[in-house]
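Enquirer: Got a structure here, written out as C-alpha cells. Questions coming.
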Amino acid sequence: ALLASNGFRCVINNRPDNEGEGQPSSEAMRAGAKILYRARFEGAHREGGVFRFHGLNIAARYILGTDGARSAVARAFGLGVNRRFLTGLEIEYEGLSGADPRFLHCFIDSRLAPGYLGWVAPGPVVTQAGLAVGPGRRPDLKAFLAAVEPLFGFASAHAVERRAGRIPAGGIVHPWSADGVMLVGDAAGQVSPATGGGIKLAFELGRRAAQVIADHLMDLGPPPAHALAPSLPSSR
C-alpha cells in the first residue's frame, strides 16, 4: 500500500483470481496498486533505467522479490537461494473450542515431528493446527492430529483451509540484493532464527522495504539494501 501511494502500481501474483485477497491486498488496491492474478515472473532485462518483464507488459525501476522460498526473482538475477528447508503441513479450523486462546500450543515429539515441532495456534477467527519436520522427513499431519485430538477435539470442528509448504531453515541468503533488485521474506530466508516463523517478519520487512525503496527512487535516499540491513534478523 505504501509503494502504491507513492506511485508504484503493480504487484504480480501467481495465485488464482481473488485468492489471498485479504487485508494486505485490499489495502494495496485502495492505495492504487494493480494486482495481476495468474501472472508468473519469468524474468526481466534492464533497458535504460528500467526493468522490462518477460511475457508481461510491465516496466519497473525496482524489483522487490517476495515470491517465496524458491524465489524465481533470486534465480533470475543470480541472488542467493534457500538450500535448507523444513517441510510443513497445516489446517485451519473454525469452531475449535478446545484450544485455550491465551496460548500457542507447541508439541515436541521426535516421532511425530522429527526435526521441528507441531503446533495449535488459536486466532481471532480460525485456529491453525500443523507440524513441520526436518530435511529428509515426511510430515504426517493425520497422525499428529490424532495424537492431540483428546486435547482439542478436531473432530467436532470444521476444516476451512489446508496448506503445505517449505520453510527456509538455512538463514538469510547471500547475496539478497543487487542493483535495482532486493529479496524480502521467505525469498531471502528471513525467518525467525528461534521459531522458523516468517509471517511477522514478512509484514515488518515488507513495509520497511517499501519505505526505503520509495525514499531511494523519489527522494535520492540511500541504496535500499543498505537501509534495510539493520532491520534483518540475526542468527547469532
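As shown in the C-alpha cells, the chain order sets the letters A, B, ...; within each chain, residues go from 1, and ligands are also counted from 1 in the order they appear.
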Just the strand (DSSP E) stuff from range 6-236 of chain A, please, per backbone DSSP, written as a ChimeraX atom specification.
Expert: /A:10-12,34-36,44-47,50-53,59-60,63-65,85-94,105-107,118-122,127-133,158-168,177-178,181-183
Enquirer: Could you build a table of the residues in range 127-185 of chain A lying no more than 9 Å from range 80-103 of chain A, giving for each the nearest pair of atoms and their separation in Å rounded to one decimal place, using only C-alpha atoms, ordered by chain and ascending residue number, as a Markdown table?
Expert:
| residue | atom | partner | partner_atom | distance |
| --- | --- | --- | --- | --- |
| A:Thr127 | CA | A:Tyr93 | CA | 5.1 |
| A:Gln128 | CA | A:Glu92 | CA | 4.5 |
| A:Ala129 | CA | A:Ile91 | CA | 5.4 |
| A:Gly130 | CA | A:Glu90 | CA | 4.0 |
| A:Leu131 | CA | A:Gly88 | CA | 5.6 |
| A:Ala132 | CA | A:Gly88 | CA | 3.9 |
| A:Val133 | CA | A:Thr87 | CA | 5.5 |
| A:Gly134 | CA | A:Leu86 | CA | 4.9 |
| A:Pro135 | CA | A:Leu86 | CA | 6.0 |
| A:Arg137 | CA | A:Thr87 | CA | 7.9 |
| A:Arg138 | CA | A:Thr87 | CA | 7.4 |
| A:Pro139 | CA | A:Gly88 | CA | 6.7 |
| A:Asp140 | CA | A:Leu89 | CA | 8.3 |
| A:Leu141 | CA | A:Leu89 | CA | 6.5 |
| A:Leu151 | CA | A:Gly98 | CA | 6.7 |
| A:Phe152 | CA | A:Gly98 | CA | 4.4 |
| A:Gly153 | CA | A:Gly98 | CA | 6.2 |
| A:Phe154 | CA | A:Leu96 | CA | 6.5 |
| A:Ser156 | CA | A:Leu96 | CA | 7.3 |
| A:Ala157 | CA | A:Gly95 | CA | 5.0 |
| A:His158 | CA | A:Glu94 | CA | 5.2 |
| A:Ala159 | CA | A:Tyr93 | CA | 4.4 |
| A:Val160 | CA | A:Glu92 | CA | 5.7 |
| A:Glu161 | CA | A:Glu92 | CA | 5.2 |
| A:Arg162 | CA | A:Ile91 | CA | 4.5 |
| A:Arg163 | CA | A:Glu90 | CA | 5.4 |
| A:Ala164 | CA | A:Leu89 | CA | 4.4 |
| A:Gly165 | CA | A:Gly88 | CA | 5.5 |
| A:Arg166 | CA | A:Thr87 | CA | 4.7 |
| A:Ile167 | CA | A:Leu86 | CA | 4.9 |
| A:Pro168 | CA | A:Phe85 | CA | 4.6 |
| A:Ala169 | CA | A:Phe85 | CA | 4.9 |
| A:Gly170 | CA | A:Arg84 | CA | 5.1 |
| A:Gly171 | CA | A:Asn82 | CA | 8.2 |
| A:Ile172 | CA | A:Asn82 | CA | 8.1 |
| A:Val173 | CA | A:Gly80 | CA | 4.9 |
| A:His174 | CA | A:Gly80 | CA | 4.7 |
| A:Pro175 | CA | A:Gly80 | CA | 5.0 |
| A:Trp176 | CA | A:Gly80 | CA | 5.9 |
| A:Ser177 | CA | A:Gly80 | CA | 8.6 |
Enquirer: Near Phe77 in chain A, counting only C-alpha atoms, which residues have an atom at most 9 Å away, once you skip same-chain residues fewer than 3 positions from it, shown as a list in words?
Expert: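 Returned residues: Gly43, Ala44, Ala72, Val73, Ala74, Ala178 and Val181 of chain A.
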Enquirer: Take the selection from the previous step and output its residues with N, CA, C and O atoms, as a PDB file, in the first residue's frame.
Expert:
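Listed below is the output, selection.pdb:
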ATOM      1  N   GLY A  43      11.222 -13.634 -15.541  1.00  0.00           N
ATOM      2  CA  GLY A  43      12.474 -12.963 -15.843  1.00  0.00           C
ATOM      3  C   GLY A  43      12.253 -11.533 -16.305  1.00  0.00           C
ATOM      4  O   GLY A  43      11.142 -11.121 -16.623  1.00  0.00           O
ATOM      5  N   ALA A  44      13.329 -10.777 -16.322  1.00  0.00           N
ATOM      6  CA  ALA A  44      13.278  -9.386 -16.763  1.00  0.00           C
ATOM      7  C   ALA A  44      14.668  -8.982 -17.218  1.00  0.00           C
ATOM      8  O   ALA A  44      15.667  -9.553 -16.778  1.00  0.00           O
ATOM      9  N   ALA A  72      11.809 -17.169  -7.832  1.00  0.00           N
ATOM     10  CA  ALA A  72      12.194 -17.030  -9.232  1.00  0.00           C
ATOM     11  C   ALA A  72      12.983 -15.750  -9.448  1.00  0.00           C
ATOM     12  O   ALA A  72      13.848 -15.688 -10.325  1.00  0.00           O
ATOM     13  N   VAL A  73      12.682 -14.716  -8.663  1.00  0.00           N
ATOM     14  CA  VAL A  73      13.437 -13.466  -8.775  1.00  0.00           C
ATOM     15  C   VAL A  73      14.896 -13.703  -8.401  1.00  0.00           C
ATOM     16  O   VAL A  73      15.812 -13.222  -9.072  1.00  0.00           O
ATOM     17  N   ALA A  74      15.138 -14.458  -7.329  1.00  0.00           N
ATOM     18  CA  ALA A  74      16.515 -14.763  -6.925  1.00  0.00           C
ATOM     19  C   ALA A  74      17.261 -15.481  -8.034  1.00  0.00           C
ATOM     20  O   ALA A  74      18.418 -15.143  -8.348  1.00  0.00           O
ATOM     21  N   ALA A 178      20.790  -6.850  -5.293  1.00  0.00           N
ATOM     22  CA  ALA A 178      21.682  -6.422  -6.366  1.00  0.00           C
ATOM     23  C   ALA A 178      21.175  -5.053  -6.801  1.00  0.00           C
ATOM     24  O   ALA A 178      20.172  -4.556  -6.287  1.00  0.00           O
ATOM     25  N   VAL A 181      17.364  -4.589  -7.402  1.00  0.00           N
ATOM     26  CA  VAL A 181      16.611  -5.799  -7.044  1.00  0.00           C
ATOM     27  C   VAL A 181      16.879  -6.124  -5.572  1.00  0.00           C
ATOM     28  O   VAL A 181      18.008  -6.014  -5.097  1.00  0.00           O
TER      29      VAL A 181
END
Enquirer: Determine which residues of range 102-234 of chain A receive a DSSP assignment of helix (DSSP H, G or I), computed from the backbone, and state them as a PyMOL selection string.
Expert: chain A and resi 141-152+154-156+185-188+199-219+224-231
Enquirer: Give me the residues within 10 Å of Gln190 in chain A as a PDB file with all heavy atoms, in the first residue's frame, counting only C-alpha atoms and dropping any in the same chain fewer than 2 places off.
Expert:
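Resulting contents of selection_31.pdb:
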ATOM      1  N   ALA A  69       9.949 -19.259  -0.844  1.00  0.00           N
ATOM      2  CA  ALA A  69      11.200 -19.942  -0.512  1.00  0.00           C
ATOM      3  C   ALA A  69      11.994 -20.384  -1.739  1.00  0.00           C
ATOM      4  O   ALA A  69      13.211 -20.537  -1.669  1.00  0.00           O
ATOM      5  CB  ALA A  69      10.898 -21.157   0.373  1.00  0.00           C
ATOM      6  N   PRO A 168      12.112 -21.979   4.894  1.00  0.00           N
ATOM      7  CA  PRO A 168      13.573 -21.834   4.847  1.00  0.00           C
ATOM      8  C   PRO A 168      14.187 -22.038   6.224  1.00  0.00           C
ATOM      9  O   PRO A 168      13.690 -21.529   7.228  1.00  0.00           O
ATOM     10  CB  PRO A 168      13.766 -20.388   4.369  1.00  0.00           C
ATOM     11  CG  PRO A 168      12.494 -20.033   3.684  1.00  0.00           C
ATOM     12  CD  PRO A 168      11.417 -20.771   4.415  1.00  0.00           C
ATOM     13  N   ALA A 169      15.270 -22.779   6.280  1.00  0.00           N
ATOM     14  CA  ALA A 169      15.894 -23.095   7.569  1.00  0.00           C
ATOM     15  C   ALA A 169      17.405 -22.935   7.525  1.00  0.00           C
ATOM     16  O   ALA A 169      18.112 -23.475   8.365  1.00  0.00           O
ATOM     17  CB  ALA A 169      15.540 -24.528   7.979  1.00  0.00           C
ATOM     18  N   GLY A 170      17.907 -22.174   6.559  1.00  0.00           N
ATOM     19  CA  GLY A 170      19.345 -22.022   6.423  1.00  0.00           C
ATOM     20  C   GLY A 170      19.860 -20.626   6.680  1.00  0.00           C
ATOM     21  O   GLY A 170      21.018 -20.319   6.383  1.00  0.00           O
ATOM     22  N   GLY A 171      18.999 -19.753   7.230  1.00  0.00           N
ATOM     23  CA  GLY A 171      19.415 -18.374   7.458  1.00  0.00           C
ATOM     24  C   GLY A 171      19.230 -17.510   6.230  1.00  0.00           C
ATOM     25  O   GLY A 171      18.744 -17.957   5.181  1.00  0.00           O
ATOM     26  N   ILE A 172      19.609 -16.259   6.362  1.00  0.00           N
ATOM     27  CA  ILE A 172      19.448 -15.295   5.278  1.00  0.00           C
ATOM     28  C   ILE A 172      20.371 -15.657   4.115  1.00  0.00           C
ATOM     29  O   ILE A 172      21.543 -15.969   4.304  1.00  0.00           O
ATOM     30  CB  ILE A 172      19.745 -13.866   5.776  1.00  0.00           C
ATOM     31  CG1 ILE A 172      18.714 -13.466   6.837  1.00  0.00           C
ATOM     32  CG2 ILE A 172      19.740 -12.868   4.627  1.00  0.00           C
ATOM     33  CD1 ILE A 172      18.979 -12.133   7.475  1.00  0.00           C
ATOM     34  N   VAL A 173      19.821 -15.622   2.901  1.00  0.00           N
ATOM     35  CA  VAL A 173      20.609 -15.960   1.713  1.00  0.00           C
ATOM     36  C   VAL A 173      21.579 -14.820   1.399  1.00  0.00           C
ATOM     37  O   VAL A 173      21.342 -13.665   1.758  1.00  0.00           O
ATOM     38  CB  VAL A 173      19.693 -16.243   0.505  1.00  0.00           C
ATOM     39  CG1 VAL A 173      18.707 -17.357   0.815  1.00  0.00           C
ATOM     40  CG2 VAL A 173      18.949 -14.986   0.058  1.00  0.00           C
ATOM     41  N   TRP A 176      21.387 -11.094  -1.024  1.00  0.00           N
ATOM     42  CA  TRP A 176      19.931 -10.951  -1.063  1.00  0.00           C
ATOM     43  C   TRP A 176      19.505  -9.675  -1.787  1.00  0.00           C
ATOM     44  O   TRP A 176      18.322  -9.346  -1.836  1.00  0.00           O
ATOM     45  CB  TRP A 176      19.338 -10.987   0.348  1.00  0.00           C
ATOM     46  CG  TRP A 176      19.951 -10.034   1.335  1.00  0.00           C
ATOM     47  CD1 TRP A 176      21.048 -10.279   2.115  1.00  0.00           C
ATOM     48  CD2 TRP A 176      19.526  -8.712   1.643  1.00  0.00           C
ATOM     49  NE1 TRP A 176      21.328  -9.175   2.887  1.00  0.00           N
ATOM     50  CE2 TRP A 176      20.404  -8.199   2.622  1.00  0.00           C
ATOM     51  CE3 TRP A 176      18.474  -7.914   1.198  1.00  0.00           C
ATOM     52  CZ2 TRP A 176      20.276  -6.919   3.151  1.00  0.00           C
ATOM     53  CZ3 TRP A 176      18.332  -6.634   1.719  1.00  0.00           C
ATOM     54  CH2 TRP A 176      19.235  -6.150   2.684  1.00  0.00           C
ATOM     55  N   LEU A 183      15.411  -8.966  -2.266  1.00  0.00           N
ATOM     56  CA  LEU A 183      14.542 -10.036  -1.790  1.00  0.00           C
ATOM     57  C   LEU A 183      14.084  -9.736  -0.375  1.00  0.00           C
ATOM     58  O   LEU A 183      14.837  -9.192   0.435  1.00  0.00           O
ATOM     59  CB  LEU A 183      15.280 -11.378  -1.797  1.00  0.00           C
ATOM     60  CG  LEU A 183      15.911 -11.834  -3.106  1.00  0.00           C
ATOM     61  CD1 LEU A 183      16.682 -13.132  -2.882  1.00  0.00           C
ATOM     62  CD2 LEU A 183      14.862 -12.008  -4.191  1.00  0.00           C
ATOM     63  N   VAL A 184      12.837 -10.141  -0.070  1.00  0.00           N
ATOM     64  CA  VAL A 184      12.287  -9.973   1.273  1.00  0.00           C
ATOM     65  C   VAL A 184      11.464 -11.206   1.623  1.00  0.00           C
ATOM     66  O   VAL A 184      10.885 -11.850   0.751  1.00  0.00           O
ATOM     67  CB  VAL A 184      11.418  -8.692   1.367  1.00  0.00           C
ATOM     68  CG1 VAL A 184      10.562  -8.686   2.623  1.00  0.00           C
ATOM     69  CG2 VAL A 184      12.294  -7.457   1.374  1.00  0.00           C
ATOM     70  N   GLY A 185      11.404 -11.532   2.909  1.00  0.00           N
ATOM     71  CA  GLY A 185      10.580 -12.649   3.368  1.00  0.00           C
ATOM     72  C   GLY A 185      11.240 -13.988   3.123  1.00  0.00           C
ATOM     73  O   GLY A 185      12.465 -14.119   3.165  1.00  0.00           O
ATOM     74  N   ASP A 186      10.419 -15.010   2.870  1.00  0.00           N
ATOM     75  CA  ASP A 186      10.955 -16.356   2.637  1.00  0.00           C
ATOM     76  C   ASP A 186      11.952 -16.382   1.480  1.00  0.00           C
ATOM     77  O   ASP A 186      12.885 -17.186   1.474  1.00  0.00           O
ATOM     78  CB  ASP A 186       9.818 -17.338   2.349  1.00  0.00           C
ATOM     79  CG  ASP A 186       9.092 -17.778   3.614  1.00  0.00           C
ATOM     80  OD1 ASP A 186       9.416 -17.259   4.697  1.00  0.00           O
ATOM     81  OD2 ASP A 186       8.200 -18.642   3.504  1.00  0.00           O
ATOM     82  N   ALA A 187      11.742 -15.531   0.481  1.00  0.00           N
ATOM     83  CA  ALA A 187      12.658 -15.499  -0.658  1.00  0.00           C
ATOM     84  C   ALA A 187      14.084 -15.208  -0.223  1.00  0.00           C
ATOM     85  O   ALA A 187      15.046 -15.692  -0.825  1.00  0.00           O
ATOM     86  CB  ALA A 187      12.191 -14.447  -1.676  1.00  0.00           C
ATOM     87  N   ALA A 188      14.223 -14.420   0.839  1.00  0.00           N
ATOM     88  CA  ALA A 188      15.543 -14.056   1.353  1.00  0.00           C
ATOM     89  C   ALA A 188      15.965 -14.904   2.540  1.00  0.00           C
ATOM     90  O   ALA A 188      17.024 -14.662   3.128  1.00  0.00           O
ATOM     91  CB  ALA A 188      15.554 -12.587   1.748  1.00  0.00           C
ATOM     92  N   SER A 192      12.371 -16.220  11.549  1.00  0.00           N
ATOM     93  CA  SER A 192      12.869 -16.128  12.909  1.00  0.00           C
ATOM     94  C   SER A 192      13.878 -17.232  13.189  1.00  0.00           C
ATOM     95  O   SER A 192      13.577 -18.413  12.998  1.00  0.00           O
ATOM     96  CB  SER A 192      11.714 -16.231  13.907  1.00  0.00           C
ATOM     97  OG  SER A 192      12.187 -16.450  15.212  1.00  0.00           O
ATOM     98  N   PRO A 193      15.078 -16.910  13.657  1.00  0.00           N
ATOM     99  CA  PRO A 193      16.053 -17.953  13.997  1.00  0.00           C
ATOM    100  C   PRO A 193      15.566 -18.853  15.125  1.00  0.00           C
ATOM    101  O   PRO A 193      15.990 -20.005  15.233  1.00  0.00           O
ATOM    102  CB  PRO A 193      17.294 -17.147  14.430  1.00  0.00           C
ATOM    103  CG  PRO A 193      17.110 -15.792  13.855  1.00  0.00           C
ATOM    104  CD  PRO A 193      15.624 -15.555  13.832  1.00  0.00           C
ATOM    105  N   GLY A 196      11.396 -20.231  13.336  1.00  0.00           N
ATOM    106  CA  GLY A 196      11.158 -20.559  11.934  1.00  0.00           C
ATOM    107  C   GLY A 196       9.974 -19.823  11.353  1.00  0.00           C
ATOM    108  O   GLY A 196       9.670 -19.960  10.174  1.00  0.00           O
ATOM    109  N   GLY A 197       9.281 -19.011  12.161  1.00  0.00           N
ATOM    110  CA  GLY A 197       8.126 -18.261  11.670  1.00  0.00           C
ATOM    111  C   GLY A 197       8.543 -17.111  10.773  1.00  0.00           C
ATOM    112  O   GLY A 197       9.558 -16.450  11.023  1.00  0.00           O
ATOM    113  N   GLY A 198       7.753 -16.870   9.722  1.00  0.00           N
ATOM    114  CA  GLY A 198       8.126 -15.818   8.788  1.00  0.00           C
ATOM    115  C   GLY A 198       7.070 -14.766   8.538  1.00  0.00           C
ATOM    116  O   GLY A 198       7.369 -13.729   7.946  1.00  0.00           O
ATOM    117  N   ILE A 199       5.817 -14.986   8.987  1.00  0.00           N
ATOM    118  CA  ILE A 199       4.736 -14.057   8.674  1.00  0.00           C
ATOM    119  C   ILE A 199       5.003 -12.679   9.264  1.00  0.00           C
ATOM    120  O   ILE A 199       4.918 -11.657   8.574  1.00  0.00           O
ATOM    121  CB  ILE A 199       3.386 -14.601   9.188  1.00  0.00           C
ATOM    122  CG1 ILE A 199       3.010 -15.883   8.446  1.00  0.00           C
ATOM    123  CG2 ILE A 199       2.298 -13.556   9.010  1.00  0.00           C
ATOM    124  CD1 ILE A 199       2.725 -15.700   6.987  1.00  0.00           C
ATOM    125  N   LEU A 201       7.793 -11.281  10.290  1.00  0.00           N
ATOM    126  CA  LEU A 201       8.934 -10.628   9.657  1.00  0.00           C
ATOM    127  C   LEU A 201       8.596 -10.166   8.246  1.00  0.00           C
ATOM    128  O   LEU A 201       9.051  -9.100   7.808  1.00  0.00           O
ATOM    129  CB  LEU A 201      10.126 -11.573   9.621  1.00  0.00           C
ATOM    130  CG  LEU A 201      10.943 -11.695  10.903  1.00  0.00           C
ATOM    131  CD1 LEU A 201      11.959 -12.817  10.787  1.00  0.00           C
ATOM    132  CD2 LEU A 201      11.635 -10.379  11.229  1.00  0.00           C
ATOM    133  N   ALA A 202       7.814 -10.955   7.524  1.00  0.00           N
ATOM    134  CA  ALA A 202       7.453 -10.575   6.159  1.00  0.00           C
ATOM    135  C   ALA A 202       6.671  -9.272   6.144  1.00  0.00           C
ATOM    136  O   ALA A 202       6.911  -8.397   5.299  1.00  0.00           O
ATOM    137  CB  ALA A 202       6.646 -11.695   5.499  1.00  0.00           C
ATOM    138  N   LEU A 205       9.294  -6.411   7.437  1.00  0.00           N
ATOM    139  CA  LEU A 205      10.352  -6.104   6.483  1.00  0.00           C
ATOM    140  C   LEU A 205       9.778  -5.676   5.136  1.00  0.00           C
ATOM    141  O   LEU A 205      10.392  -4.865   4.430  1.00  0.00           O
ATOM    142  CB  LEU A 205      11.273  -7.307   6.314  1.00  0.00           C
ATOM    143  CG  LEU A 205      12.079  -7.678   7.567  1.00  0.00           C
ATOM    144  CD1 LEU A 205      12.866  -8.960   7.344  1.00  0.00           C
ATOM    145  CD2 LEU A 205      13.019  -6.543   7.961  1.00  0.00           C
ATOM    146  N   LEU A 232      17.279  -6.572   9.684  1.00  0.00           N
ATOM    147  CA  LEU A 232      17.220  -8.003   9.408  1.00  0.00           C
ATOM    148  C   LEU A 232      17.452  -8.821  10.678  1.00  0.00           C
ATOM    149  O   LEU A 232      18.185  -8.405  11.574  1.00  0.00           O
ATOM    150  CB  LEU A 232      18.270  -8.385   8.365  1.00  0.00           C
ATOM    151  CG  LEU A 232      18.137  -7.726   6.995  1.00  0.00           C
ATOM    152  CD1 LEU A 232      19.195  -8.280   6.052  1.00  0.00           C
ATOM    153  CD2 LEU A 232      16.748  -7.904   6.416  1.00  0.00           C
ATOM    154  N   PRO A 233      16.828 -10.017  10.750  1.00  0.00           N
ATOM    155  CA  PRO A 233      17.049 -10.889  11.919  1.00  0.00           C
ATOM    156  C   PRO A 233      18.462 -11.428  11.931  1.00  0.00           C
ATOM    157  O   PRO A 233      19.087 -11.598  10.883  1.00  0.00           O
ATOM    158  CB  PRO A 233      16.034 -12.011  11.712  1.00  0.00           C
ATOM    159  CG  PRO A 233      15.816 -12.059  10.232  1.00  0.00           C
ATOM    160  CD  PRO A 233      15.920 -10.622   9.770  1.00  0.00           C
ATOM    161  N   SER A 234      18.956 -11.684  13.117  1.00  0.00           N
ATOM    162  CA  SER A 234      20.297 -12.234  13.269  1.00  0.00           C
ATOM    163  C   SER A 234      20.197 -13.637  13.830  1.00  0.00           C
ATOM    164  O   SER A 234      19.404 -13.911  14.739  1.00  0.00           O
ATOM    165  CB  SER A 234      21.145 -11.364  14.204  1.00  0.00           C
ATOM    166  OG  SER A 234      22.384 -11.989  14.478  1.00  0.00           O
TER     167      SER A 234
END
Enquirer: Identify, on the basis of only C-alpha atoms, every residue whose closest approach to Arg208 in chain A does not exceed 10 Å; exclude the query and any residue fewer than 6 positions from it along the same chain; express the result as a PyMOL selection string.
Expert: chain A and resi 2+184+202+214+224+227-228+231
Enquirer: Quick one: pull the distance between CA of His105 in chain A and CA of Gly136 in chain A, Å, one decimal.
Expert: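 Taking CA of His105 in chain A as the start and CA of Gly136 in chain A as the end point, the length is 25.1 Å.
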Enquirer: Could you pull the residues within 9 Å of Tyr62 in chain A, counting only C-alpha atoms, minus those fewer than 6 positions along the same chain, as a ChimeraX atom specification?
Expert: /A:50-51,179-182,213,217
Enquirer: Take the selection from the previous step and output its residues with all heavy atoms, as an mmCIF file, in the first residue's frame.
Expert:
data_model
loop_
_atom_site.group_PDB
_atom_site.id
_atom_site.type_symbol
_atom_site.label_atom_id
_atom_site.label_comp_id
_atom_site.auth_asym_id
_atom_site.auth_seq_id
_atom_site.Cartn_x
_atom_site.Cartn_y
_atom_site.Cartn_z
ATOM 1 N N VAL A 50 15.167 1.046 -16.555
ATOM 2 C CA VAL A 50 14.036 0.250 -16.068
ATOM 3 C C VAL A 50 14.231 -1.225 -16.408
ATOM 4 O O VAL A 50 14.986 -1.577 -17.315
ATOM 5 C CB VAL A 50 12.696 0.738 -16.665
ATOM 6 C CG1 VAL A 50 12.419 2.184 -16.295
ATOM 7 C CG2 VAL A 50 12.674 0.547 -18.181
ATOM 8 N N PHE A 51 13.554 -2.076 -15.660
ATOM 9 C CA PHE A 51 13.468 -3.498 -15.965
ATOM 10 C C PHE A 51 12.220 -3.743 -16.805
ATOM 11 O O PHE A 51 11.134 -3.237 -16.470
ATOM 12 C CB PHE A 51 13.364 -4.319 -14.685
ATOM 13 C CG PHE A 51 14.593 -4.289 -13.835
ATOM 14 C CD1 PHE A 51 14.688 -3.416 -12.760
ATOM 15 C CD2 PHE A 51 15.658 -5.143 -14.101
ATOM 16 C CE1 PHE A 51 15.820 -3.391 -11.964
ATOM 17 C CE2 PHE A 51 16.801 -5.121 -13.308
ATOM 18 C CZ PHE A 51 16.883 -4.242 -12.243
ATOM 19 N N ASP A 179 21.848 -4.445 -7.758
ATOM 20 C CA ASP A 179 21.432 -3.129 -8.209
ATOM 21 C C ASP A 179 20.012 -3.176 -8.777
ATOM 22 O O ASP A 179 19.761 -3.825 -9.790
ATOM 23 C CB ASP A 179 22.406 -2.622 -9.278
ATOM 24 C CG ASP A 179 22.090 -1.201 -9.725
ATOM 25 O OD1 ASP A 179 21.500 -0.435 -8.939
ATOM 26 O OD2 ASP A 179 22.422 -0.859 -10.881
ATOM 27 N N GLY A 180 19.076 -2.550 -8.095
ATOM 28 C CA GLY A 180 17.702 -2.485 -8.577
ATOM 29 C C GLY A 180 16.831 -3.652 -8.186
ATOM 30 O O GLY A 180 15.666 -3.704 -8.585
ATOM 31 N N VAL A 181 17.364 -4.589 -7.402
ATOM 32 C CA VAL A 181 16.611 -5.799 -7.044
ATOM 33 C C VAL A 181 16.879 -6.124 -5.572
ATOM 34 O O VAL A 181 18.008 -6.014 -5.097
ATOM 35 C CB VAL A 181 17.028 -7.013 -7.907
ATOM 36 C CG1 VAL A 181 16.160 -8.229 -7.585
ATOM 37 C CG2 VAL A 181 16.950 -6.676 -9.381
ATOM 38 N N MET A 182 15.831 -6.551 -4.867
ATOM 39 C CA MET A 182 16.001 -6.953 -3.473
ATOM 40 C C MET A 182 15.003 -8.046 -3.140
ATOM 41 O O MET A 182 13.895 -8.078 -3.671
ATOM 42 C CB MET A 182 15.795 -5.744 -2.539
ATOM 43 C CG MET A 182 16.088 -6.018 -1.081
ATOM 44 S SD MET A 182 16.321 -4.477 -0.129
ATOM 45 C CE MET A 182 14.717 -3.681 -0.322
ATOM 46 N N ILE A 213 12.689 1.759 -0.506
ATOM 47 C CA ILE A 213 12.685 1.822 -1.972
ATOM 48 C C ILE A 213 12.087 3.147 -2.430
ATOM 49 O O ILE A 213 12.616 3.815 -3.324
ATOM 50 C CB ILE A 213 11.923 0.632 -2.571
ATOM 51 C CG1 ILE A 213 12.688 -0.673 -2.324
ATOM 52 C CG2 ILE A 213 11.712 0.824 -4.074
ATOM 53 C CD1 ILE A 213 11.898 -1.915 -2.675
ATOM 54 N N LEU A 217 14.064 5.987 -4.667
ATOM 55 C CA LEU A 217 13.664 6.354 -6.021
ATOM 56 C C LEU A 217 13.093 7.762 -6.124
ATOM 57 O O LEU A 217 13.226 8.422 -7.159
ATOM 58 C CB LEU A 217 12.627 5.349 -6.546
ATOM 59 C CG LEU A 217 13.110 3.912 -6.740
ATOM 60 C CD1 LEU A 217 11.975 3.048 -7.267
ATOM 61 C CD2 LEU A 217 14.307 3.845 -7.682
#
Enquirer: Given the choices A:Gly118, A:Pro230, A:Gly189, A:Ala146, which gets closest to Arg70 in chain A if the distance is worked out from only C-alpha atoms?
Expert: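 Looking only at the distances to Arg70 in chain A, the closest residue turns out to be A:Gly189.
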Enquirer: So how many Å separate CA of His45 in chain A and CA of Ala28 in chain A, to one decimal?
Expert: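 Separation between CA of His45 in chain A and CA of Ala28 in chain A: 25.8 Å.
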Enquirer: What does the distance from CA of Ala113 in chain A to CA of Ala155 in chain A come to in Å, to one decimal?
Expert: 21.1 Å
